[in-house]
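Colleague: Supplied structure: protein05.cif, mmCIF, C-alpha atoms.
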```
data_run
loop_
_atom_site.label_atom_id
_atom_site.label_comp_id
_atom_site.auth_asym_id
_atom_site.auth_seq_id
_atom_site.Cartn_x
_atom_site.Cartn_y
_atom_site.Cartn_z
CA MET A 175 10.33 -29.70 7.91
CA THR A 176 11.57 -26.87 5.68
CA PHE A 177 14.49 -24.65 6.64
CA ARG A 178 13.87 -21.02 5.66
CA LEU A 179 17.05 -19.15 4.70
CA GLY A 180 16.88 -15.43 4.01
CA LEU A 181 19.38 -14.26 1.38
CA THR A 182 20.33 -10.60 1.29
CA GLY A 183 23.10 -8.15 0.48
CA SER A 184 23.33 -4.80 -1.25
CA ILE A 185 22.78 -3.87 -4.88
CA GLY A 186 25.30 -5.42 -7.28
CA MET A 187 26.77 -7.86 -4.77
CA GLY A 188 25.66 -11.07 -6.48
CA LYS A 189 22.41 -12.13 -4.79
CA SER A 190 20.85 -13.45 -8.01
CA THR A 191 23.93 -15.46 -8.92
CA THR A 192 24.12 -16.79 -5.36
CA ALA A 193 20.43 -17.77 -5.48
CA ARG A 194 21.15 -19.79 -8.66
CA LEU A 195 24.01 -21.54 -6.83
CA PHE A 196 21.61 -22.47 -4.02
CA ALA A 197 19.16 -23.79 -6.64
CA GLU A 198 21.98 -25.97 -8.05
CA GLU A 199 22.30 -27.44 -4.54
CA GLY A 200 18.61 -28.45 -4.61
CA CYS A 201 17.11 -25.50 -2.72
CA ASP A 202 13.79 -23.87 -3.69
CA ILE A 203 14.16 -20.14 -4.42
CA TRP A 204 11.71 -17.31 -3.82
CA ASP A 205 12.83 -14.05 -5.42
CA ALA A 206 11.44 -10.75 -4.09
CA ASP A 207 12.22 -8.88 -7.33
CA ALA A 208 10.40 -11.52 -9.38
CA ALA A 209 7.44 -11.29 -6.97
CA VAL A 210 7.32 -7.50 -7.43
CA HIS A 211 7.43 -7.99 -11.20
CA ARG A 212 4.44 -10.38 -11.00
CA LEU A 213 2.56 -7.97 -8.72
CA TYR A 214 3.22 -5.02 -11.05
CA SER A 215 1.19 -6.78 -13.73
CA GLY A 216 -1.39 -8.16 -11.30
CA ALA A 217 -2.53 -7.47 -7.74
CA ALA A 218 -0.61 -4.18 -7.33
CA VAL A 219 -2.12 -2.48 -10.39
CA PRO A 220 -5.44 -1.22 -8.90
CA LEU A 221 -3.77 -0.13 -5.66
CA MET A 222 -0.97 1.71 -7.46
CA GLN A 223 -3.43 3.24 -9.92
CA ALA A 224 -5.37 4.77 -7.03
CA GLU A 225 -2.22 6.35 -5.58
CA PHE A 226 -0.05 6.95 -8.69
CA PRO A 227 -2.22 6.95 -11.84
CA ASP A 228 0.76 8.09 -13.97
CA ALA A 229 2.64 4.91 -13.03
CA ILE A 230 0.22 2.66 -14.95
CA ILE A 231 1.13 2.09 -18.61
CA ASN A 232 -0.64 -0.52 -20.75
CA GLY A 233 -2.42 -1.90 -17.68
CA GLU A 234 0.81 -2.54 -15.74
CA VAL A 235 2.91 -0.64 -13.22
CA SER A 236 5.86 0.89 -15.12
CA ARG A 237 9.18 0.81 -13.26
CA GLU A 238 10.44 3.67 -15.47
CA ALA A 239 7.40 5.76 -14.51
CA LEU A 240 8.00 4.95 -10.84
CA LYS A 241 11.63 6.08 -11.11
CA ARG A 242 10.45 9.45 -12.50
CA ILE A 243 7.79 9.76 -9.77
CA ILE A 244 10.33 8.95 -7.01
CA SER A 245 12.81 11.49 -8.43
CA ALA A 246 10.16 14.22 -8.42
CA ASP A 247 8.51 13.46 -5.05
CA ASN A 248 10.53 12.58 -1.96
CA THR A 249 7.46 11.02 -0.26
CA ALA A 250 6.68 8.69 -3.17
CA LEU A 251 9.05 5.85 -2.28
CA LYS A 252 7.57 5.36 1.20
CA ARG A 253 4.05 5.39 -0.26
CA ILE A 254 5.00 2.86 -2.95
CA GLU A 255 6.60 0.61 -0.32
CA SER A 256 3.48 0.79 1.86
CA ILE A 257 1.50 -0.64 -1.06
CA ILE A 258 4.03 -3.20 -2.31
CA HIS A 259 5.60 -4.63 0.85
CA PRO A 260 2.38 -6.21 2.24
CA LEU A 261 1.66 -7.79 -1.17
CA VAL A 262 5.21 -9.14 -1.38
CA ARG A 263 4.95 -10.59 2.14
CA GLU A 264 1.68 -12.31 1.17
CA ASP A 265 3.35 -13.80 -1.95
CA ARG A 266 6.26 -15.05 0.18
CA LEU A 267 3.96 -16.68 2.74
CA GLN A 268 2.07 -18.44 -0.05
CA PHE A 269 5.35 -19.79 -1.44
CA SER A 270 6.33 -21.01 2.06
CA THR A 271 3.03 -22.86 2.34
CA ASP A 272 3.32 -24.47 -1.11
CA THR A 273 6.98 -25.58 -1.11
CA LYS A 274 8.07 -29.15 -0.41
CA ALA A 275 11.84 -28.47 -0.41
CA THR A 276 14.09 -29.19 2.57
CA ILE A 277 15.78 -25.79 2.23
CA CYS A 278 14.03 -22.71 0.85
CA VAL A 279 16.06 -19.61 0.03
CA PHE A 280 14.28 -16.26 0.07
CA ASP A 281 16.16 -13.71 -2.05
CA ILE A 282 15.23 -10.41 -0.38
CA PRO A 283 17.37 -7.32 -1.07
CA LEU A 284 15.78 -5.29 1.77
CA LEU A 285 15.49 -8.12 4.31
CA PHE A 286 17.00 -6.20 7.24
CA GLU A 287 15.57 -2.85 6.11
CA THR A 288 12.03 -4.30 6.25
CA ASN A 289 12.78 -6.02 9.57
CA SER A 290 11.94 -9.44 8.13
CA GLN A 291 14.84 -11.44 9.60
CA ALA A 292 12.71 -12.99 12.35
CA GLU A 293 10.67 -14.82 9.68
CA PHE A 294 13.69 -16.98 8.78
CA ASP A 295 15.65 -19.75 10.46
CA ALA A 296 18.91 -18.08 9.36
CA VAL A 297 20.16 -15.29 7.09
CA ALA A 298 22.97 -15.42 4.52
CA CYS A 299 24.46 -12.17 3.25
CA VAL A 300 26.42 -11.81 0.01
CA THR A 301 29.38 -9.45 -0.12
CA VAL A 302 31.97 -8.06 -2.48
CA SER A 303 34.33 -5.07 -2.39
CA PRO A 304 32.70 -1.63 -2.85
CA GLU A 305 34.75 -1.11 -6.03
CA THR A 306 33.52 -4.37 -7.58
CA GLN A 307 29.95 -3.63 -6.47
CA ARG A 308 29.99 -0.21 -8.15
CA GLN A 309 31.56 -1.62 -11.33
CA ARG A 310 29.02 -4.45 -11.57
CA VAL A 311 26.06 -2.09 -11.21
CA LEU A 312 27.33 0.50 -13.68
CA ASP A 313 28.38 -2.20 -16.19
CA ARG A 314 24.72 -3.29 -16.42
CA GLY A 315 23.97 0.02 -18.12
CA THR A 316 20.55 0.23 -16.49
CA MET A 317 21.18 3.10 -14.07
CA SER A 318 23.19 6.25 -13.64
CA VAL A 319 25.77 6.86 -10.91
CA SER A 320 23.27 9.08 -9.07
CA GLN A 321 20.54 6.40 -9.23
CA PHE A 322 23.02 3.82 -7.90
CA GLU A 323 24.04 6.13 -5.06
CA MET A 324 20.40 6.87 -4.21
CA ILE A 325 19.62 3.13 -3.95
CA LEU A 326 22.77 2.53 -1.90
CA ALA A 327 21.77 5.32 0.50
CA GLN A 328 18.42 3.59 1.14
CA GLN A 329 20.08 0.29 2.05
CA LEU A 330 21.74 -0.52 5.36
CA PRO A 331 25.53 -0.38 5.12
CA ILE A 332 26.90 -3.79 4.12
CA ALA A 333 28.99 -3.97 7.31
CA ASP A 334 25.76 -3.85 9.36
CA LYS A 335 24.16 -6.57 7.23
CA LEU A 336 27.22 -8.81 7.53
CA ALA A 337 27.29 -8.34 11.31
CA ARG A 338 23.65 -9.45 11.57
CA ALA A 339 23.89 -12.41 9.15
CA ASP A 340 24.40 -16.05 10.18
CA TYR A 341 26.33 -16.85 6.99
CA VAL A 342 28.45 -14.84 4.55
CA VAL A 343 28.84 -15.63 0.84
CA ASP A 344 31.80 -13.88 -0.82
CA THR A 345 30.99 -13.37 -4.52
CA MET A 346 34.36 -11.95 -5.69
CA THR A 347 34.83 -15.15 -7.71
CA MET A 348 32.39 -17.82 -8.82
CA ASP A 349 34.53 -20.53 -7.17
CA GLN A 350 34.48 -18.72 -3.83
CA ALA A 351 30.73 -18.12 -4.02
CA ARG A 352 30.05 -21.77 -4.90
CA ALA A 353 32.27 -22.99 -2.02
CA ASP A 354 30.52 -20.65 0.44
CA VAL A 355 27.06 -21.77 -0.74
CA GLN A 356 28.03 -25.43 -0.40
CA HIS A 357 29.30 -24.73 3.12
CA VAL A 358 25.98 -23.04 4.04
CA VAL A 359 23.90 -25.95 2.68
CA THR A 360 26.09 -28.52 4.46
CA ASP A 361 25.84 -26.59 7.74
CA ILE A 362 22.05 -26.21 7.48
CA LYS A 363 21.63 -29.94 6.85
CA ARG A 364 23.82 -30.65 9.89
CA ARG A 365 21.71 -28.23 12.00
CA MET A 366 18.51 -29.93 10.83
CA ARG A 367 19.89 -33.39 11.72
CA ASP A 368 20.95 -32.18 15.17
CA ALA A 369 17.66 -30.41 15.89
#
```
Could you render the structure as structure tokens?
Modeller:
Amino acid sequence: MTFRLGLTGSIGMGKSTTARLFAEEGCDIWDADAAVHRLYSGAAVPLMQAEFPDAIINGEVSREALKRIISADNTALKRIESIIHPLVREDRLQFSTDTKATICVFDIPLLFETNSQAEFDAVACVTVSPETQRQRVLDRGTMSVSQFEMILAQQLPIADKLARADYVVDTMTMDQARADVQHVVTDIKRRMRDA
């Protein structure tokens, strides 16, 4: 039996780092962003080309082009999501079928926003202070303050995510995050033994 753990949080809160910590504990990881990246050079291309021909550059979906399209058209994001989300779900289900791990962690930024929580045995949510979150995102140098705020506005408030999660991973420090991840893995293994 495989335990399916959804991993979520808001932008800049440390999901990717937390996923790596789960991998160090022997968990298999499925990453939604990596799946989208694969799809943007594969299965999503013909569908996106039909809807957003300007988004295709060198035979792939360009994230930069999508950002420009979304900025110029307030209906674009919903249309993009209606194309991508079913493909991402299909990729995730294939991973679930193929994995042999005891615990699989599904790194999904918009887990609650896409109403996917019922697909998992439990959900862990990463958290950090709003100040640290903002600093981390802006320090990456990949987006402006307005882009960050736009993304934040599309995500559920972190307080809502934390209230709905089964586990919380505090990523203020690496030591704290590692301790929280180890606690989650230990608790899941206990739950599986008791089941």
Colleague: Evaluate the PyMOL selection byres ((chain A and resi 202) around 8) here and jot the selected residues down as a list in words.
Modeller: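 Residues picked by the PyMOL selection byres ((chain A and resi 202) around 8): Phe196, Ala197, Gly200, Cys201, Ile203, Trp204, Thr273, Ala275, Ile277, Cys278 and Val279 of chain A.
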Colleague: I'd like the neighbourhood of Val358 in chain A as JSON, numbers by chain, where a residue qualifies if any of its atoms comes within 12 Å (using all atoms listed in the file), though same-chain residues fewer than 2 positions away should be ignored.
Modeller: {"A": [177, 179, 180, 181, 192, 195, 196, 199, 201, 277, 279, 296, 297, 298, 299, 300, 339, 340, 341, 342, 343, 344, 351, 352, 353, 354, 355, 356, 360, 361, 362, 363, 364, 365]}
Colleague: Go ahead and dump the residues you just picked, C-alpha atoms, as a PDB file, keeping the file's coordinate frame.
Modeller:
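The resulting file, out_5.pdb, is shown below:
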```pdb
ATOM      1  CA  PHE A 177      14.490 -24.650   6.640  1.00  0.00           C
ATOM      2  CA  LEU A 179      17.050 -19.150   4.700  1.00  0.00           C
ATOM      3  CA  GLY A 180      16.880 -15.430   4.010  1.00  0.00           C
ATOM      4  CA  LEU A 181      19.380 -14.260   1.380  1.00  0.00           C
ATOM      5  CA  THR A 192      24.120 -16.790  -5.360  1.00  0.00           C
ATOM      6  CA  LEU A 195      24.010 -21.540  -6.830  1.00  0.00           C
ATOM      7  CA  PHE A 196      21.610 -22.470  -4.020  1.00  0.00           C
ATOM      8  CA  GLU A 199      22.300 -27.440  -4.540  1.00  0.00           C
ATOM      9  CA  CYS A 201      17.110 -25.500  -2.720  1.00  0.00           C
ATOM     10  CA  ILE A 277      15.780 -25.790   2.230  1.00  0.00           C
ATOM     11  CA  VAL A 279      16.060 -19.610   0.030  1.00  0.00           C
ATOM     12  CA  ALA A 296      18.910 -18.080   9.360  1.00  0.00           C
ATOM     13  CA  VAL A 297      20.160 -15.290   7.090  1.00  0.00           C
ATOM     14  CA  ALA A 298      22.970 -15.420   4.520  1.00  0.00           C
ATOM     15  CA  CYS A 299      24.460 -12.170   3.250  1.00  0.00           C
ATOM     16  CA  VAL A 300      26.420 -11.810   0.010  1.00  0.00           C
ATOM     17  CA  ALA A 339      23.890 -12.410   9.150  1.00  0.00           C
ATOM     18  CA  ASP A 340      24.400 -16.050  10.180  1.00  0.00           C
ATOM     19  CA  TYR A 341      26.330 -16.850   6.990  1.00  0.00           C
ATOM     20  CA  VAL A 342      28.450 -14.840   4.550  1.00  0.00           C
ATOM     21  CA  VAL A 343      28.840 -15.630   0.840  1.00  0.00           C
ATOM     22  CA  ASP A 344      31.800 -13.880  -0.820  1.00  0.00           C
ATOM     23  CA  ALA A 351      30.730 -18.120  -4.020  1.00  0.00           C
ATOM     24  CA  ARG A 352      30.050 -21.770  -4.900  1.00  0.00           C
ATOM     25  CA  ALA A 353      32.270 -22.990  -2.020  1.00  0.00           C
ATOM     26  CA  ASP A 354      30.520 -20.650   0.440  1.00  0.00           C
ATOM     27  CA  VAL A 355      27.060 -21.770  -0.740  1.00  0.00           C
ATOM     28  CA  GLN A 356      28.030 -25.430  -0.400  1.00  0.00           C
ATOM     29  CA  THR A 360      26.090 -28.520   4.460  1.00  0.00           C
ATOM     30  CA  ASP A 361      25.840 -26.590   7.740  1.00  0.00           C
ATOM     31  CA  ILE A 362      22.050 -26.210   7.480  1.00  0.00           C
ATOM     32  CA  LYS A 363      21.630 -29.940   6.850  1.00  0.00           C
ATOM     33  CA  ARG A 364      23.820 -30.650   9.890  1.00  0.00           C
ATOM     34  CA  ARG A 365      21.710 -28.230  12.000  1.00  0.00           C
TER      35      ARG A 365
END
```
Colleague: Could you work out how far CA of Asp205 in chain A lies from CA of Asp228 in chain A, giving the answer in Å with one decimal?
Modeller: 26.6 Å
Colleague: Identify which of the residues A:Ala369, A:Val302, A:Ala218, A:Leu284 lies closest to Met187 in chain A, counting all atoms listed in the file when measuring atom-to-atom distances.
Modeller: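 Nearest to Met187 in chain A: A:Val302.
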Colleague: Considering all atoms listed in the file, state which residue in the set A:Pro220, A:His259, A:Phe322, A:Asp207 is at the smallest distance from Arg310 in chain A.
Modeller: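 Among A:Pro220, A:His259, A:Phe322, A:Asp207, it is A:Phe322 that comes nearest to Arg310 in chain A.
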Colleague: Closest to Leu330 in chain A among A:Met175, A:Ala224, A:Leu285, A:Leu267, using only C-alpha atoms?
Modeller: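 So, comparing all the options, the nearest one is A:Leu285.
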Colleague: When you look at range 311-318 of chain A with a cut-off of 9 Å (counting only C-alpha atoms), what residues show up, excluding the ones that are within fewer than 3 positions of it in the same chain? I need them as a JSON list (two decimals) with C-alpha atoms, keeping the file's coordinate frame.
Modeller:
```json
[["chain", "number", "residue", "atom", "x", "y", "z"],
["A", 185, "ILE", "CA", 22.78, -3.87, -4.88],
["A", 186, "GLY", "CA", 25.30, -5.42, -7.28],
["A", 187, "MET", "CA", 26.77, -7.86, -4.77],
["A", 306, "THR", "CA", 33.52, -4.37, -7.58],
["A", 307, "GLN", "CA", 29.95, -3.63, -6.47],
["A", 308, "ARG", "CA", 29.99, -0.21, -8.15],
["A", 321, "GLN", "CA", 20.54, 6.40, -9.23],
["A", 322, "PHE", "CA", 23.02, 3.82, -7.90],
["A", 323, "GLU", "CA", 24.04, 6.13, -5.06]]
```
Colleague: Taking all atoms listed in the file into account, name the residue in A:Thr288, A:Ser184, A:Ser236, A:Gln268 that is nearest to Ser256 in chain A.
Modeller: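 Nearest to Ser256 in chain A: A:Thr288.
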Colleague: Between CA of Ser215 in chain A and CA of Gly233 in chain A, what is the distance in Å, rounded to a tenth?
Modeller: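 Separation between CA of Ser215 in chain A and CA of Gly233 in chain A: 7.2 Å.
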Colleague: Which residues come within 10 Å of Ile258 in chain A, counting all atoms listed in the file, excluding same-chain residues fewer than 5 positions away, as a list in words?
Modeller: Ala209, Val210, Leu213, Tyr214, Ala217, Ala218, Leu221, Met222, Lys252, Arg253 and Arg263 of chain A
Colleague: Kindly give the distance, in Å, that separates CA of Asp265 in chain A and CA of Ala208 in chain A, rounded to a single decimal.
Modeller: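 The value is 10.5 Å.
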Colleague: Which is closer to Pro304 in chain A than all the others in A:Thr182, A:Asn232, A:Gln223, A:Thr345, using all atoms listed in the file?
Modeller: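 Between A:Thr182, A:Asn232, A:Gln223, A:Thr345, the residue approaching Pro304 in chain A most closely is A:Thr345.
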Colleague: Centre and edge lengths of an axis-aligned box around all listed atoms of range 259-274 of chain A, with 6 Å added on each side, are to be given in Å to one decimal, as lines of an AutoDock Vina configuration file.
Modeller:
```
center_x = 4.9
center_y = -16.9
center_z = 0.4
size_x = 18.4
size_y = 36.5
size_z = 16.7
```
Colleague: Could you check which of A:Arg367, A:Arg242, A:Lys274, A:Arg338 is closest to Arg178 in chain A, using only C-alpha atoms?
Modeller: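 Among A:Arg367, A:Arg242, A:Lys274, A:Arg338, it is A:Lys274 that comes nearest to Arg178 in chain A.
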